[in-house]
Amino acid sequence: MVSIFTAPLATPAQLSTSPSQLAGIPEALEQKLRLVACRLIQAAGILMELPQPTISTAIILLQRYYLTTPLTTSPLLPTSLASLYLSSKLTEHPQKPRDLINIFKYLLSPASPLHPPHLRKPTREPPEPSEEGGEKEAGKVKKKETNRNEYYVSEGDYTALRSLLLSTEARILRALGFNTTVNLPYTLAFNYLQSLGVLTHNSPPQPDPAATGSPSNPRQHQKLVSTTFAYLTDLLASPSQVYLTHHPHELAVAGIYLAARDHGVKLPERWWEVWDVERETLGFLVVVMRGGTYLGNSKLWIIEEGGFEEGIDGGTGEVVPVGAESVLREMERLRAL
């Protein structure tokens, strides 16, 4: 029986007619901004040493929220910040608002690895005294320099951002009807792998026990688990938003299927039926997992304010400004095309 506290699955109609698209945001732009939100939350969670379930919960809460609220009325940055703040409390890893604000400020500064290198302004070193008593030639460009003023948060800015954080958190809770239960597939995937007997030394050995695909190889066990978890984590940024449309046990089975195929681990025939997953559902999820994000393998750079039309990095990546003003300007530009 499904718990009454479990969030209902989203329908394809909800995804195709999201509030953001009804408000005039093109589907491609909405997908791009959702991907940016996933990258920001993931990066912030890693810097704060939060466990992956906390990060994943924040991303799913944000995706659920934008099924009821358009990006035009709830900008991306405060929503991402509030989602991670709420998730940290729900998963018993509470974080201070000041720490979260400082982390997000750093991630959007030129000192961040997410900031496009070609848009950073090089700074020049001051002239140094020479041995003859004069000064060496100025104009030497520093290759690496971290200026803390680039991501400093004043007390006044912190007070305003903290107020915005708390109000956005309240809006998320109201929009979700205070149903913040998030069921993740990670534990299920690990339990399924144990049930399949591929994580124990008692599993039947392959003809060559030292082969890469042998279940009796302890290194293979670790790779199988980590690859399964990697697929499930990458799926959070998928434009299909399958975390909202499919049950956790279906996602876990799809992750195991791909991981086992990648490492040559042989599983029983039609093993997915044991956990009530249809072949068609498994096939769809495998295609989605293999498809990745809409950007493919290209690099994604993130800035707070700027122009979308100026954000092409010579074919090596795409720069996405996430500030509310930049998003509104991009909407007007796309409407004029």
# chains A, B, ... in the order shown; residues from 1 in each chain; ligands from 1
$ residues_around --residues "Ile256 in chain A" --least-positions-apart "6" --cutoff "10 Å" --atoms "only C-alpha atoms" --output "PDB file with N, CA and C atoms, in the first residue's frame"
ATOM      1  N   ALA A 189      18.561   0.221  -4.266  1.00  0.00           N
ATOM      2  CA  ALA A 189      19.510  -0.340  -5.221  1.00  0.00           C
ATOM      3  C   ALA A 189      20.536  -1.227  -4.522  1.00  0.00           C
ATOM      4  N   PHE A 190      21.022  -0.776  -3.384  1.00  0.00           N
ATOM      5  CA  PHE A 190      22.011  -1.583  -2.653  1.00  0.00           C
ATOM      6  C   PHE A 190      21.383  -2.883  -2.159  1.00  0.00           C
ATOM      7  N   TYR A 192      18.842  -4.452  -3.495  1.00  0.00           N
ATOM      8  CA  TYR A 192      18.592  -5.314  -4.654  1.00  0.00           C
ATOM      9  C   TYR A 192      19.877  -6.012  -5.090  1.00  0.00           C
ATOM     10  N   LEU A 193      20.994  -5.296  -5.065  1.00  0.00           N
ATOM     11  CA  LEU A 193      22.275  -5.908  -5.442  1.00  0.00           C
ATOM     12  C   LEU A 193      22.644  -7.029  -4.470  1.00  0.00           C
ATOM     13  N   LEU A 224      30.507  -1.839  -9.029  1.00  0.00           N
ATOM     14  CA  LEU A 224      29.104  -2.032  -9.380  1.00  0.00           C
ATOM     15  C   LEU A 224      28.212  -1.109  -8.557  1.00  0.00           C
ATOM     16  N   VAL A 225      28.495  -0.999  -7.270  1.00  0.00           N
ATOM     17  CA  VAL A 225      27.697  -0.127  -6.406  1.00  0.00           C
ATOM     18  C   VAL A 225      27.909   1.341  -6.783  1.00  0.00           C
ATOM     19  N   THR A 227      28.961   2.667  -9.599  1.00  0.00           N
ATOM     20  CA  THR A 227      28.416   2.987 -10.916  1.00  0.00           C
ATOM     21  C   THR A 227      26.907   3.098 -10.863  1.00  0.00           C
ATOM     22  N   THR A 228      26.259   2.214 -10.109  1.00  0.00           N
ATOM     23  CA  THR A 228      24.799   2.304  -9.950  1.00  0.00           C
ATOM     24  C   THR A 228      24.413   3.628  -9.313  1.00  0.00           C
ATOM     25  N   PHE A 229      25.100   4.005  -8.251  1.00  0.00           N
ATOM     26  CA  PHE A 229      24.803   5.275  -7.581  1.00  0.00           C
ATOM     27  C   PHE A 229      25.098   6.460  -8.490  1.00  0.00           C
ATOM     28  N   TYR A 231      24.820   6.567 -11.782  1.00  0.00           N
ATOM     29  CA  TYR A 231      23.696   6.696 -12.720  1.00  0.00           C
ATOM     30  C   TYR A 231      22.495   7.356 -12.051  1.00  0.00           C
ATOM     31  N   LEU A 232      22.204   6.952 -10.821  1.00  0.00           N
ATOM     32  CA  LEU A 232      21.046   7.509 -10.120  1.00  0.00           C
ATOM     33  C   LEU A 232      21.248   8.980  -9.791  1.00  0.00           C
ATOM     34  N   ASP A 262      27.659  -2.349 -17.885  1.00  0.00           N
ATOM     35  CA  ASP A 262      28.941  -1.661 -18.053  1.00  0.00           C
ATOM     36  C   ASP A 262      30.116  -2.504 -17.571  1.00  0.00           C
ATOM     37  N   LEU A 267      23.505 -11.183 -14.723  1.00  0.00           N
ATOM     38  CA  LEU A 267      22.402 -11.286 -13.772  1.00  0.00           C
ATOM     39  C   LEU A 267      21.386 -12.302 -14.280  1.00  0.00           C
ATOM     40  N   TRP A 272      14.410  -8.220 -13.228  1.00  0.00           N
ATOM     41  CA  TRP A 272      13.691  -7.006 -12.844  1.00  0.00           C
ATOM     42  C   TRP A 272      12.227  -7.268 -12.489  1.00  0.00           C
TER      43      TRP A 272
END
$ residues_around --residues "Phe308 in chain A" --least-positions-apart "4" --cutoff "9 Å" --atoms "only C-alpha atoms" --output "ChimeraX atom specification"
/A:312,318-321,326-327,329-330
$ write_last_selection --atoms "C-alpha atoms" --output "short mmCIF file (atom, residue, chain, number, x, y, z; two decimals), in the first residue's frame"
data_model
loop_
_atom_site.label_atom_id
_atom_site.label_comp_id
_atom_site.auth_asym_id
_atom_site.auth_seq_id
_atom_site.Cartn_x
_atom_site.Cartn_y
_atom_site.Cartn_z
CA ILE A 312 28.98 31.12 -25.87
CA GLU A 318 27.73 27.48 -22.47
CA VAL A 319 27.44 30.31 -19.97
CA VAL A 320 24.07 30.60 -18.20
CA PRO A 321 23.20 33.71 -16.17
CA SER A 326 18.79 38.02 -16.94
CA VAL A 327 16.04 35.42 -17.22
CA ARG A 329 15.64 39.66 -20.61
CA GLU A 330 16.14 36.28 -22.24
#
$ closest_residue --among "A:Asp99, A:Glu155, A:Glu169, A:Glu273" --to "Ser87 in chain A" --atoms "only C-alpha atoms"
A:Glu169
$ residues_around --residues "Leu285 in chain A" --least-positions-apart "4" --cutoff "8 Å" --atoms "only C-alpha atoms" --output "MDAnalysis selection string"
chainID A and resid 242 251 254 281 289
$ write_last_selection --atoms "C-alpha atoms" --output "PDB file, in the first residue's frame"
ATOM      1  CA  VAL A 242      11.922  10.880 -14.040  1.00  0.00           C
ATOM      2  CA  LEU A 251      14.903   3.878 -10.875  1.00  0.00           C
ATOM      3  CA  ALA A 254      17.392   0.772 -14.153  1.00  0.00           C
ATOM      4  CA  THR A 281       9.424   0.906 -18.120  1.00  0.00           C
ATOM      5  CA  MET A 289      19.883   7.446 -18.294  1.00  0.00           C
TER       6      MET A 289
END
$ residues_around --residues "Ile46 in chain A" --least-positions-apart "4" --cutoff "12 Å" --atoms "only C-alpha atoms" --output "PyMOL selection string"
chain A and resi 39-42+50-56+84+100+103-104+107
$ closest_residue --among "A:Leu161, A:Pro94, A:Thr11, A:Thr180" --to "Leu62 in chain A" --atoms "only C-alpha atoms"
A:Thr180
$ atom_distance --atom1 "CA of Arg162 in chain A" --atom2 "CA of Pro97 in chain A"
6.4 Å
$ select_by_dssp --residues "range 21-66 of chain A" --states "alpha helix (DSSP H)" --output "number ranges by chain"
A: 21-22, 27-47, 52-65
$ residues_around --residues "Ala10 in chain A" --least-positions-apart "4" --cutoff "8 Å" --atoms "only C-alpha atoms" --output "PyMOL selection string"
chain A and resi 14-15+244-245
$ write_last_selection --atoms "N, CA and C atoms" --output "tab-separated table (two decimals), in the first residue's frame"
chain	number	residue	atom	x	y	z
A	14	GLN	N	1.56	17.34	-16.88
A	14	GLN	CA	2.09	18.35	-15.96
A	14	GLN	C	3.47	18.84	-16.39
A	15	LEU	N	4.28	17.92	-16.89
A	15	LEU	CA	5.62	18.30	-17.32
A	15	LEU	C	5.59	19.13	-18.59
A	244	LEU	N	10.26	12.47	-10.71
A	244	LEU	CA	8.90	12.91	-10.41
A	244	LEU	C	7.85	12.02	-11.05
A	245	THR	N	8.24	11.22	-12.03
A	245	THR	CA	7.26	10.43	-12.79
A	245	THR	C	7.38	8.93	-12.56
$ atom_distance --atom1 "CA of Leu119 in chain A" --atom2 "CA of Val322 in chain A"
15.4 Å
$ closest_residue --among "A:Tyr257, A:Ala23, A:Glu332, A:Ala82" --to "Glu269 in chain A" --atoms "only C-alpha atoms"
A:Tyr257
$ closest_residue --among "A:Ser109, A:Thr73, A:Ser167, A:Thr187" --to "Tyr152 in chain A" --atoms "only C-alpha atoms"
A:Ser109
$ atom_distance --atom1 "CA of Glu305 in chain A" --atom2 "CA of Gly323 in chain A"
5.2 Å
